[in-house]
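Participant: Pasting upload-v8.pdb here (PDB, C-alpha atoms):
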ATOM      1  CA  MET A 822     -73.398  13.291 -19.070
ATOM      2  CA  GLY A 823     -76.924  14.821 -18.912
ATOM      3  CA  PHE A 824     -77.804  14.037 -22.518
ATOM      4  CA  PHE A 825     -76.529  10.470 -22.377
ATOM      5  CA  GLY A 826     -78.081   9.877 -18.982
ATOM      6  CA  LYS A 827     -81.386   9.756 -20.842
ATOM      7  CA  LEU A 828     -80.037   7.261 -23.370
ATOM      8  CA  PHE A 829     -78.141   4.778 -21.288
ATOM      9  CA  GLY A 830     -80.040   2.675 -18.800
ATOM     10  CA  LYS A 831     -79.006  -0.525 -17.031
ATOM     11  CA  LYS A 832     -80.294  -2.701 -19.901
ATOM     12  CA  GLU A 833     -78.189  -0.827 -22.492
ATOM     13  CA  LYS A 834     -75.134  -1.029 -20.257
ATOM     14  CA  GLU A 835     -75.536  -4.799 -19.868
ATOM     15  CA  SER A 836     -75.860  -5.201 -23.668
ATOM     16  CA  LEU A 837     -72.712  -3.124 -24.139
ATOM     17  CA  ASP A 838     -70.727  -5.084 -21.531
ATOM     18  CA  GLU A 839     -71.833  -8.370 -23.064
ATOM     19  CA  GLY A 840     -71.259  -7.231 -26.649
ATOM     20  CA  LEU A 841     -67.719  -6.064 -25.931
ATOM     21  CA  GLN A 842     -66.771  -9.214 -24.001
ATOM     22  CA  LYS A 843     -64.333 -10.571 -26.622
ATOM     23  CA  THR A 844     -62.603  -7.226 -27.087
ATOM     24  CA  LYS A 845     -62.442  -6.754 -23.312
ATOM     25  CA  GLU A 846     -60.871 -10.157 -22.764
ATOM     26  CA  ASN A 847     -58.250  -9.452 -25.426
ATOM     27  CA  PHE A 848     -57.632  -5.794 -24.664
ATOM     28  CA  PHE A 849     -58.080  -5.619 -20.921
ATOM     29  CA  SER A 850     -56.160  -8.804 -20.069
ATOM     30  CA  LYS A 851     -53.163  -7.509 -22.054
ATOM     31  CA  ILE A 852     -53.300  -4.122 -20.353
ATOM     32  CA  THR A 853     -53.603  -5.774 -16.938
ATOM     33  CA  LYS A 854     -50.555  -7.911 -17.749
ATOM     34  CA  ALA A 855     -48.636  -4.830 -18.911
ATOM     35  CA  ILE A 856     -49.073  -3.037 -15.589
ATOM     36  CA  ALA A 857     -49.361  -5.946 -13.110
ATOM     37  CA  GLY A 858     -47.010  -5.786 -10.165
ATOM     38  CA  LYS A 859     -45.347  -2.574 -11.348
ATOM     39  CA  ASN A 860     -45.006   0.345  -8.956
ATOM     40  CA  THR A 861     -44.122   2.999 -11.497
ATOM     41  CA  VAL A 862     -44.784   3.680 -15.135
ATOM     42  CA  ASP A 863     -41.535   3.029 -16.994
ATOM     43  CA  GLU A 864     -40.517   2.328 -20.608
ATOM     44  CA  GLU A 865     -41.306  -1.364 -20.239
ATOM     45  CA  VAL A 866     -44.862  -0.636 -19.071
ATOM     46  CA  LEU A 867     -45.406   1.775 -21.969
ATOM     47  CA  ASP A 868     -44.003  -0.722 -24.501
ATOM     48  CA  GLU A 869     -46.356  -3.456 -23.276
ATOM     49  CA  LEU A 870     -49.225  -1.001 -23.266
ATOM     50  CA  GLU A 871     -48.417  -0.075 -26.856
ATOM     51  CA  GLU A 872     -48.447  -3.740 -27.873
ATOM     52  CA  ALA A 873     -51.796  -4.306 -26.108
ATOM     53  CA  LEU A 874     -53.386  -1.393 -27.970
ATOM     54  CA  ILE A 875     -52.056  -2.472 -31.370
ATOM     55  CA  THR A 876     -53.229  -6.081 -30.965
ATOM     56  CA  ALA A 877     -56.731  -4.825 -30.108
ATOM     57  CA  ASP A 878     -56.697  -3.183 -33.574
ATOM     58  CA  VAL A 879     -56.447   0.345 -32.222
ATOM     59  CA  GLY A 880     -53.974   0.931 -35.084
ATOM     60  CA  LEU A 881     -50.451   2.281 -35.055
ATOM     61  CA  ASP A 882     -51.201   6.005 -35.491
ATOM     62  CA  THR A 883     -53.866   6.065 -32.801
ATOM     63  CA  THR A 884     -51.751   3.945 -30.429
ATOM     64  CA  VAL A 885     -48.755   6.283 -30.838
ATOM     65  CA  LYS A 886     -51.015   9.273 -30.134
ATOM     66  CA  ILE A 887     -52.369   7.659 -26.941
ATOM     67  CA  ILE A 888     -48.887   6.601 -25.745
ATOM     68  CA  GLU A 889     -47.434  10.070 -26.418
ATOM     69  CA  ARG A 890     -50.213  11.708 -24.440
ATOM     70  CA  ILE A 891     -49.612   9.301 -21.553
ATOM     71  CA  GLU A 892     -45.842   9.923 -21.711
ATOM     72  CA  ALA A 893     -46.470  13.674 -21.468
ATOM     73  CA  ARG A 894     -48.576  13.151 -18.355
ATOM     74  CA  VAL A 895     -46.050  10.730 -16.824
ATOM     75  CA  ALA A 896     -43.255  13.248 -17.427
ATOM     76  CA  LYS A 897     -45.137  15.823 -15.378
ATOM     77  CA  ASP A 898     -45.632  13.443 -12.459
ATOM     78  CA  LYS A 899     -42.571  11.261 -11.904
ATOM     79  CA  TYR A 900     -44.273   9.220  -9.180
ATOM     80  CA  LEU A 901     -47.254   8.109 -11.210
ATOM     81  CA  ASN A 902     -48.213   4.561 -10.267
ATOM     82  CA  THR A 903     -49.958   1.937 -12.358
ATOM     83  CA  ALA A 904     -53.365   2.411 -10.702
ATOM     84  CA  GLU A 905     -53.259   6.042 -11.815
ATOM     85  CA  LEU A 906     -52.103   4.876 -15.255
ATOM     86  CA  ASN A 907     -55.321   2.903 -15.623
ATOM     87  CA  THR A 908     -57.371   6.057 -15.006
ATOM     88  CA  ILE A 909     -55.205   8.168 -17.331
ATOM     89  CA  LEU A 910     -55.421   5.535 -20.055
ATOM     90  CA  GLN A 911     -59.226   5.579 -19.847
ATOM     91  CA  GLN A 912     -59.249   9.372 -20.015
ATOM     92  CA  GLU A 913     -56.919   9.476 -23.020
ATOM     93  CA  ILE A 914     -58.846   6.796 -24.908
ATOM     94  CA  GLU A 915     -62.076   8.679 -24.244
ATOM     95  CA  ALA A 916     -60.428  11.899 -25.475
ATOM     96  CA  ILE A 917     -59.598  10.190 -28.796
ATOM     97  CA  LEU A 918     -63.301   9.591 -29.494
ATOM     98  CA  VAL A 919     -65.031  12.479 -31.251
ATOM     99  CA  THR A 920     -68.277  13.859 -29.865
ATOM    100  CA  ALA A 921     -71.081  14.737 -32.279
ATOM    101  CA  PRO A 922     -71.754  18.480 -32.543
ATOM    102  CA  GLU A 923     -74.478  19.574 -30.145
ATOM    103  CA  LYS A 924     -76.758  20.615 -33.018
ATOM    104  CA  ASN A 925     -76.695  17.069 -34.392
ATOM    105  CA  ALA A 926     -76.695  15.013 -31.208
ATOM    106  CA  TYR A 927     -79.678  12.724 -30.766
ATOM    107  CA  GLY A 928     -80.794   9.325 -29.580
ATOM    108  CA  PHE A 929     -83.838   7.183 -30.231
ATOM    109  CA  ASN A 930     -85.814   8.795 -27.419
ATOM    110  CA  THR A 931     -84.656  12.375 -27.804
ATOM    111  CA  GLU A 932     -86.033  15.099 -30.009
ATOM    112  CA  LEU A 933     -84.473  15.024 -33.478
ATOM    113  CA  PRO A 934     -82.680  18.085 -34.884
ATOM    114  CA  ALA A 935     -85.088  18.333 -37.855
ATOM    115  CA  LYS A 936     -88.438  16.972 -39.082
ATOM    116  CA  PRO A 937     -88.336  14.946 -41.171
ATOM    117  CA  TYR A 938     -84.803  13.933 -40.183
ATOM    118  CA  VAL A 939     -83.216  12.534 -43.353
ATOM    119  CA  MET A 940     -80.461   9.964 -42.960
ATOM    120  CA  LEU A 941     -78.540   8.674 -45.977
ATOM    121  CA  VAL A 942     -76.976   5.314 -45.114
ATOM    122  CA  VAL A 943     -73.790   4.307 -46.972
ATOM    123  CA  GLY A 944     -71.360   1.380 -46.750
ATOM    124  CA  VAL A 945     -70.158  -1.634 -48.723
ATOM    125  CA  ASN A 946     -72.329  -4.705 -49.151
ATOM    126  CA  GLY A 947     -71.995  -7.241 -46.358
ATOM    127  CA  VAL A 948     -71.202  -4.884 -43.467
ATOM    128  CA  GLY A 949     -74.739  -5.023 -42.090
ATOM    129  CA  LYS A 950     -75.976  -1.822 -43.749
ATOM    130  CA  THR A 951     -79.548  -2.924 -44.506
ATOM    131  CA  THR A 952     -79.818  -4.689 -41.137
ATOM    132  CA  THR A 953     -78.641  -1.479 -39.443
ATOM    133  CA  ILE A 954     -81.372   0.485 -41.246
ATOM    134  CA  GLY A 955     -83.929  -2.076 -40.054
ATOM    135  CA  LYS A 956     -82.671  -1.826 -36.480
ATOM    136  CA  LEU A 957     -82.633   1.991 -36.605
ATOM    137  CA  ALA A 958     -86.225   1.920 -37.879
ATOM    138  CA  HIS A 959     -87.275  -0.458 -35.095
ATOM    139  CA  ASN A 960     -85.641   1.594 -32.331
ATOM    140  CA  PHE A 961     -86.971   4.939 -33.591
ATOM    141  CA  LYS A 962     -90.467   3.435 -33.949
ATOM    142  CA  THR A 963     -90.307   1.887 -30.456
ATOM    143  CA  ALA A 964     -89.451   5.379 -29.168
ATOM    144  CA  GLY A 965     -92.679   6.658 -30.722
ATOM    145  CA  LYS A 966     -91.318   8.175 -33.931
ATOM    146  CA  SER A 967     -92.777   7.621 -37.401
ATOM    147  CA  VAL A 968     -90.286   6.204 -39.916
ATOM    148  CA  LEU A 969     -90.141   5.861 -43.710
ATOM    149  CA  LEU A 970     -87.612   3.693 -45.579
ATOM    150  CA  GLY A 971     -86.241   4.387 -49.058
ATOM    151  CA  ALA A 972     -84.733   1.525 -51.116
ATOM    152  CA  ALA A 973     -82.232   3.478 -53.246
ATOM    153  CA  ASP A 974     -79.844   0.514 -53.614
ATOM    154  CA  THR A 975     -81.452  -0.428 -56.927
ATOM    155  CA  PHE A 976     -78.455  -2.342 -58.315
ATOM    156  CA  ARG A 977     -79.162  -5.493 -56.332
ATOM    157  CA  ALA A 978     -82.612  -7.051 -56.211
ATOM    158  CA  ALA A 979     -81.568  -8.658 -52.917
ATOM    159  CA  ALA A 980     -81.019  -5.232 -51.313
ATOM    160  CA  VAL A 981     -84.570  -4.061 -52.131
ATOM    161  CA  ASP A 982     -86.007  -7.410 -51.022
ATOM    162  CA  GLN A 983     -84.066  -7.338 -47.767
ATOM    163  CA  LEU A 984     -85.185  -3.800 -46.943
ATOM    164  CA  THR A 985     -88.787  -4.772 -47.783
ATOM    165  CA  ILE A 986     -88.540  -7.663 -45.295
ATOM    166  CA  TRP A 987     -87.329  -5.216 -42.639
ATOM    167  CA  SER A 988     -90.117  -2.789 -43.470
ATOM    168  CA  ASN A 989     -92.675  -5.582 -42.906
ATOM    169  CA  ARG A 990     -90.947  -6.863 -39.775
ATOM    170  CA  VAL A 991     -90.739  -3.435 -38.139
ATOM    171  CA  GLY A 992     -94.088  -2.262 -39.517
ATOM    172  CA  VAL A 993     -92.933   0.897 -41.292
ATOM    173  CA  PRO A 994     -93.676   1.984 -44.887
ATOM    174  CA  ILE A 995     -91.123   1.747 -47.710
ATOM    175  CA  VAL A 996     -90.665   3.550 -51.032
ATOM    176  CA  LYS A 997     -89.121   1.342 -53.722
ATOM    177  CA  LYS A 998     -88.932   0.861 -57.489
ATOM    178  CA  GLU A 999     -87.893  -1.996 -59.730
ATOM    179  CA  MET A1000     -84.270  -3.071 -59.891
ATOM    180  CA  GLY A1001     -82.140  -0.882 -62.164
ATOM    181  CA  SER A1002     -84.153   2.296 -61.454
ATOM    182  CA  ASP A1003     -82.307   5.557 -60.912
ATOM    183  CA  PRO A1004     -81.330   5.622 -57.201
ATOM    184  CA  ALA A1005     -81.744   9.407 -57.090
ATOM    185  CA  SER A1006     -85.359   9.138 -58.277
ATOM    186  CA  VAL A1007     -86.079   6.668 -55.440
ATOM    187  CA  ALA A1008     -84.483   9.075 -52.940
ATOM    188  CA  PHE A1009     -86.537  11.976 -54.364
ATOM    189  CA  ASP A1010     -89.804  10.007 -54.133
ATOM    190  CA  THR A1011     -88.948   8.869 -50.597
ATOM    191  CA  VAL A1012     -88.312  12.378 -49.301
ATOM    192  CA  THR A1013     -91.372  13.793 -51.111
ATOM    193  CA  SER A1014     -93.517  11.034 -49.600
ATOM    194  CA  GLY A1015     -91.966  11.561 -46.153
ATOM    195  CA  VAL A1016     -92.794  15.268 -46.212
ATOM    196  CA  SER A1017     -96.400  14.662 -47.320
ATOM    197  CA  ARG A1018     -96.868  11.964 -44.650
ATOM    198  CA  GLY A1019     -95.315  14.174 -41.959
ATOM    199  CA  VAL A1020     -92.910  11.445 -40.796
ATOM    200  CA  ASP A1021     -90.202  12.013 -38.195
ATOM    201  CA  VAL A1022     -87.355   9.971 -39.711
ATOM    202  CA  ILE A1023     -86.450   9.046 -43.305
ATOM    203  CA  LEU A1024     -83.811   6.321 -43.746
ATOM    204  CA  ILE A1025     -82.459   5.906 -47.282
ATOM    205  CA  ASP A1026     -80.396   2.855 -48.278
ATOM    206  CA  THR A1027     -77.745   3.387 -50.994
ATOM    207  CA  ALA A1028     -75.670   1.076 -53.185
ATOM    208  CA  GLY A1029     -72.573  -0.371 -51.565
ATOM    209  CA  ARG A1030     -70.143  -0.675 -54.441
ATOM    210  CA  LEU A1031     -66.545   0.407 -54.036
ATOM    211  CA  HIS A1032     -65.050  -0.630 -57.372
ATOM    212  CA  ASN A1033     -65.313   2.882 -58.802
ATOM    213  CA  LYS A1034     -64.918   5.813 -56.427
ATOM    214  CA  VAL A1035     -65.828   8.388 -59.111
ATOM    215  CA  HIS A1036     -69.093   6.589 -59.868
ATOM    216  CA  LEU A1037     -69.874   6.352 -56.147
ATOM    217  CA  MET A1038     -69.127  10.060 -55.681
ATOM    218  CA  GLU A1039     -71.340  11.048 -58.623
ATOM    219  CA  GLU A1040     -74.189   8.835 -57.458
ATOM    220  CA  LEU A1041     -74.158  10.118 -53.873
ATOM    221  CA  SER A1042     -73.849  13.730 -55.055
ATOM    222  CA  LYS A1043     -76.866  13.265 -57.329
ATOM    223  CA  ILE A1044     -78.899  11.696 -54.500
ATOM    224  CA  LYS A1045     -78.029  14.638 -52.251
ATOM    225  CA  ARG A1046     -78.973  17.184 -54.940
ATOM    226  CA  VAL A1047     -82.426  15.712 -55.548
ATOM    227  CA  ILE A1048     -83.122  15.414 -51.810
ATOM    228  CA  GLN A1049     -82.229  19.108 -51.424
ATOM    229  CA  LYS A1050     -84.859  20.063 -54.024
ATOM    230  CA  VAL A1051     -87.407  18.946 -51.431
ATOM    231  CA  ILE A1052     -85.565  19.737 -48.155
ATOM    232  CA  PRO A1053     -82.734  22.248 -48.731
ATOM    233  CA  ASP A1054     -80.693  21.316 -45.616
ATOM    234  CA  ALA A1055     -81.005  17.525 -46.080
ATOM    235  CA  PRO A1056     -79.614  14.936 -45.778
ATOM    236  CA  HIS A1057     -79.084  15.797 -42.117
ATOM    237  CA  GLU A1058     -76.859  12.772 -41.588
ATOM    238  CA  VAL A1059     -74.688  10.691 -43.918
ATOM    239  CA  MET A1060     -74.191   7.521 -41.897
ATOM    240  CA  LEU A1061     -71.329   5.202 -42.866
ATOM    241  CA  VAL A1062     -71.838   1.617 -41.679
ATOM    242  CA  LEU A1063     -68.648  -0.368 -41.024
ATOM    243  CA  ASP A1064     -68.147  -3.969 -39.907
ATOM    244  CA  GLY A1065     -66.072  -3.851 -36.699
ATOM    245  CA  SER A1066     -65.048  -7.503 -37.052
ATOM    246  CA  THR A1067     -62.964  -6.683 -40.152
ATOM    247  CA  GLY A1068     -60.572  -4.567 -38.066
ATOM    248  CA  GLN A1069     -58.236  -2.420 -40.148
ATOM    249  CA  ASN A1070     -60.121  -3.308 -43.343
ATOM    250  CA  ALA A1071     -62.960  -1.149 -41.995
ATOM    251  CA  LEU A1072     -60.463   1.722 -41.929
ATOM    252  CA  GLU A1073     -59.787   1.217 -45.663
ATOM    253  CA  GLN A1074     -63.520   1.318 -46.413
ATOM    254  CA  ALA A1075     -63.867   4.513 -44.406
ATOM    255  CA  LYS A1076     -61.074   6.078 -46.523
ATOM    256  CA  HIS A1077     -62.999   5.338 -49.726
ATOM    257  CA  PHE A1078     -66.317   6.675 -48.507
ATOM    258  CA  THR A1079     -64.944   9.802 -46.841
ATOM    259  CA  ALA A1080     -63.145  10.588 -50.101
ATOM    260  CA  ALA A1081     -66.375  10.103 -52.085
ATOM    261  CA  THR A1082     -68.786  12.009 -49.867
ATOM    262  CA  GLU A1083     -69.033  13.987 -46.652
ATOM    263  CA  VAL A1084     -69.662  11.373 -43.975
ATOM    264  CA  THR A1085     -71.086  12.901 -40.791
ATOM    265  CA  ALA A1086     -71.436   9.841 -38.550
ATOM    266  CA  LEU A1087     -70.481   6.186 -38.161
ATOM    267  CA  THR A1088     -72.276   3.023 -37.148
ATOM    268  CA  ILE A1089     -69.938   0.154 -36.300
ATOM    269  CA  THR A1090     -71.556  -3.280 -36.449
ATOM    270  CA  LYS A1091     -70.710  -6.828 -35.325
ATOM    271  CA  LEU A1092     -68.621  -5.780 -32.312
ATOM    272  CA  ASP A1093     -70.008  -8.704 -30.313
ATOM    273  CA  GLY A1094     -68.293 -11.306 -32.510
ATOM    274  CA  THR A1095     -64.819  -9.830 -32.487
ATOM    275  CA  ALA A1096     -61.828  -9.065 -30.298
ATOM    276  CA  LYS A1097     -61.039  -6.126 -32.614
ATOM    277  CA  GLY A1098     -63.303  -3.547 -30.960
ATOM    278  CA  GLY A1099     -60.298  -1.229 -30.708
ATOM    279  CA  VAL A1100     -60.890  -0.367 -34.360
ATOM    280  CA  VAL A1101     -63.619   2.010 -33.117
ATOM    281  CA  LEU A1102     -60.840   4.181 -31.659
ATOM    282  CA  SER A1103     -58.719   3.911 -34.784
ATOM    283  CA  ILE A1104     -61.518   5.007 -37.135
ATOM    284  CA  ALA A1105     -62.835   7.805 -34.917
ATOM    285  CA  ASN A1106     -59.320   9.215 -34.460
ATOM    286  CA  HIS A1107     -58.275   8.878 -38.092
ATOM    287  CA  PHE A1108     -61.325  10.542 -39.618
ATOM    288  CA  GLN A1109     -62.492  12.744 -36.734
ATOM    289  CA  ILE A1110     -66.047  11.534 -37.324
ATOM    290  CA  PRO A1111     -68.342  10.728 -34.395
ATOM    291  CA  VAL A1112     -69.546   7.169 -33.842
ATOM    292  CA  LYS A1113     -73.327   7.418 -33.357
ATOM    293  CA  PHE A1114     -74.386   3.756 -33.069
ATOM    294  CA  ILE A1115     -72.763   0.393 -32.431
ATOM    295  CA  GLY A1116     -74.088  -3.089 -33.112
ATOM    296  CA  VAL A1117     -73.454  -5.539 -30.266
ATOM    297  CA  GLY A1118     -75.731  -8.451 -31.147
ATOM    298  CA  GLU A1119     -78.368  -9.986 -33.399
ATOM    299  CA  LYS A1120     -81.484  -8.641 -31.691
ATOM    300  CA  MET A1121     -83.164  -5.465 -32.944
ATOM    301  CA  GLU A1122     -82.454  -3.846 -29.568
ATOM    302  CA  ASP A1123     -78.737  -4.630 -29.924
ATOM    303  CA  LEU A1124     -78.065  -1.462 -31.908
ATOM    304  CA  LEU A1125     -77.015   0.975 -29.194
ATOM    305  CA  VAL A1126     -76.564   4.726 -29.197
ATOM    306  CA  PHE A1127     -72.813   5.159 -28.785
ATOM    307  CA  ASP A1128     -71.718   6.832 -25.565
ATOM    308  CA  LYS A1129     -67.938   7.154 -25.465
ATOM    309  CA  HIS A1130     -67.753   7.280 -21.655
ATOM    310  CA  GLU A1131     -69.794   4.087 -21.268
ATOM    311  CA  PHE A1132     -67.859   2.404 -24.109
ATOM    312  CA  VAL A1133     -64.485   3.057 -22.441
ATOM    313  CA  ASP A1134     -65.899   2.130 -19.037
ATOM    314  CA  SER A1135     -67.050  -1.226 -20.483
ATOM    315  CA  LEU A1136     -63.642  -1.872 -22.062
ATOM    316  CA  PHE A1137     -62.000  -1.519 -18.654
ATOM    317  CA  SER A1138     -64.545  -3.455 -16.630
ATOM    318  CA  LEU A1139     -64.178  -7.172 -17.156
ATOM    319  CA  ASN A1140     -67.246  -8.985 -15.768
ATOM    320  CA  HIS A1141     -68.559  -5.540 -14.890
ATOM    321  CA  SER A1142     -72.217  -6.551 -14.836
ATOM    322  CA  LYS A1143     -71.567  -9.426 -12.402
ATOM    323  CA  ASN A1144     -69.721  -7.199  -9.975
ATOM    324  CA  ASP A1145     -72.217  -4.423 -10.389
ATOM    325  CA  GLN A1146     -75.056  -6.084  -8.572
TER     326      GLN A1146
END
I'd like the structure from this file rewritten - as C-alpha cells, please.

Facilitator:
Amino acid sequence: MGFFGKLFGKKEKESLDEGLQKTKENFFSKITKAIAGKNTVDEEVLDELEEALITADVGLDTTVKIIERIEARVAKDKYLNTAELNTILQQEIEAILVTAPEKNAYGFNTELPAKPYVMLVVGVNGVGKTTTIGKLAHNFKTAGKSVLLGAADTFRAAAVDQLTIWSNRVGVPIVKKEMGSDPASVAFDTVTSGVSRGVDVILIDTAGRLHNKVHLMEELSKIKRVIQKVIPDAPHEVMLVLDGSTGQNALEQAKHFTAATEVTALTITKLDGTAKGGVVLSIANHFQIPVKFIGVGEKMEDLLVFDKHEFVDSLFSLNHSKNDQ
C-alpha cells in the first residue's frame, strides 16, 4: 500500500465513494440481501451472490471465477459464517483486478517511468476519450509536470477542435494539423516537439473508428513505428478508454482494440452515472490488463488513479464517508 498511500488522500476517497454510489446501491444491497440472516454459507447464499454479481455487470465468466474461488475456501472451512464471507468476497474481487507492473506504475504526483512519457490514447468515439486526455493533462500539470497534447485523430474536425479547447482550458500546448492529415505525421511531430521542449508527458489522441479492424491495426502500428524513430521504447503506455456506463458493450470494444494493438492500460469513464461499475472487474479479468484511471464525475479532478484496494473497499462501504467521520 506504500505506493498508493501517496496517491489516495481523503478527498480522492470521498470522490470514489460518491462516484460509485449507484453501483454500490445496486451491488452491495443485493449482496447484503444474499447473506442477511444466514449463519453459514450454503448453496442458496452462493446462488444469490452469483446473481448479485451478474446484475452488477461483473459478467458470467468473472462471476463464475469468483464463486469458484469462494467455494474452494468454504470447502476448506465448513463453519465459515456470512461475516467472514464478506471479507473473503472482498479479497477475491480484489484478486481479480490486475496490478500494473512495478516498472510502469505511476500516479499524477509520482515520478514517471520515462521522460518524456508517451501515452497513446485509444477508444471509440463517444466514450470520453478526448475528455479523459484533457483531465489527464490537467492532473499531470497540477502535479507540476509539463504536458504536450497531440491531435492525431485527424478524421473528425470535431476531435481536433475538442482537444484544442482542452489545451486552452488546461493551459498546455498542442500539436495539430488540418483535418485529413496523416495521423502518424501528427504523432511524429508531437513526439519530436515534446523531446525538443523537454516535456514530461506526451498525450496523443487517436481516431476512434471500429468499422474496420485491419485499418485500425495498420494505423496504430504506423503511429507506433514513427514514434519509435524518435523514442525507441515509446509509446510507454497504450491507454484504452472505455465507457463504464455501457456495461458489457465496453467488453466488446476492448476485444476489438486488444486484437488491433497491444493495450497496456485501461481508463474506465462515467462510473458515476451507472449501476454497472462491476464491468471494471469483468474487463480487468477478461483481458488481464490493469485499470490505471477511472472517471467518477464531470470535474477535472474526477479522474482518479485507480487503486484496486480502495475501489473494492468503496464497493462494500455504503455511506462510507458519512460513517467515516

Participant: Need to verify the contact set: range 1113-1120 of chain A, 7 Å, all atoms listed in the file, exclusion of same-chain residues closer than 5 positions in sequence. Can you return it as a ChimeraX atom specification?

Facilitator: /A:837,840,1086-1093,1125-1127

Participant: Closest to His959 in chain A among A:Val1084, A:Leu881, A:Leu1024, A:Val1012, using only C-alpha atoms?

Facilitator: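 So, comparing all the options, the nearest one is A:Leu1024.
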
Participant: Quote the spacing between CA of Thr1095 in chain A and CA of His1107 in chain A in Å to one decimal place.

Facilitator: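 Those two atoms sit 20.6 Å apart.
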
Participant: Edge lengths and centre, in Å to one decimal, as lines of an AutoDock Vina configuration file: that's what I need for the box along x, y and z that holds all listed atoms of range 994-999 of chain A plus 6 Å on each side.

Facilitator:
center_x = -90.8
center_y = 0.8
center_z = -52.3
size_x = 17.8
size_y = 17.5
size_z = 26.8

Participant: One decimal, Å: what's the distance from CA of Ala926 in chain A over to CA of Ser1138 in chain A, could you say?

Facilitator: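 Those two atoms sit 26.5 Å apart.
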
Participant: Between A:Asn989, A:Thr861, A:Arg1018, A:Ala1105, which residue has the minimum interatomic distance to Thr883 in chain A, considering all atoms listed in the file?

Facilitator: A:Ala1105

Participant: Within 10 Å of Ser1002 in chain A, counting all atoms listed in the file, which residues qualify if same-chain residues fewer than 3 places away don't, as a VMD selection string?

Facilitator: chain A and resid 973 to 976 997 to 999 1005 to 1007

Participant: Report as JSON, numbers by chain the full result of the PyMOL selection byres ((chain A and resi 962-967) around 7) when it is applied to this structure.

Facilitator: {"A": [929, 930, 958, 959, 960, 961, 968, 1020, 1021, 1022]}

Participant: Those selected residues, please, written with C-alpha atoms and delivered as a compact mmCIF listing (two decimals), in the coordinates of the input.

Facilitator:
# COMPACT_ATOMS: atom_id res chain seq x y z
CA PHE A 929 -83.84 7.18 -30.23
CA ASN A 930 -85.81 8.80 -27.42
CA ALA A 958 -86.22 1.92 -37.88
CA HIS A 959 -87.28 -0.46 -35.10
CA ASN A 960 -85.64 1.59 -32.33
CA PHE A 961 -86.97 4.94 -33.59
CA VAL A 968 -90.29 6.20 -39.92
CA VAL A 1020 -92.91 11.44 -40.80
CA ASP A 1021 -90.20 12.01 -38.20
CA VAL A 1022 -87.36 9.97 -39.71

Participant: What do you get, as an MDAnalysis selection string, if you spell out every residue that the PyMOL selection byres ((chain A and resi 944-953) around 7) selects here?

Facilitator: chainID A and resid 943 954:957 984 1026 1029:1031 1061:1064 1090

Participant: Let me make sure I understand: among A:Val879, A:Val1035, A:Ala1096, A:Leu1041, which one has the smallest atom-to-atom distance to Lys845 in chain A if we use all atoms listed in the file?

Facilitator: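 For Lys845 in chain A, the nearest of the candidates is A:Ala1096.
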
Participant: Taking only C-alpha atoms into account, which of A:Val866, A:Ala921, A:Ile875, A:Leu969 comes nearest Ser1103 in chain A?

Facilitator: A:Ile875

Participant: From the set A:Ile891, A:Val1051, A:Ala978, A:Ile1104, which residue has the shortest atom-to-atom contact distance to Gln1074 in chain A, counting only C-alpha atoms?

Facilitator: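 Selected residue with least distance to Gln1074 in chain A: A:Ile1104.
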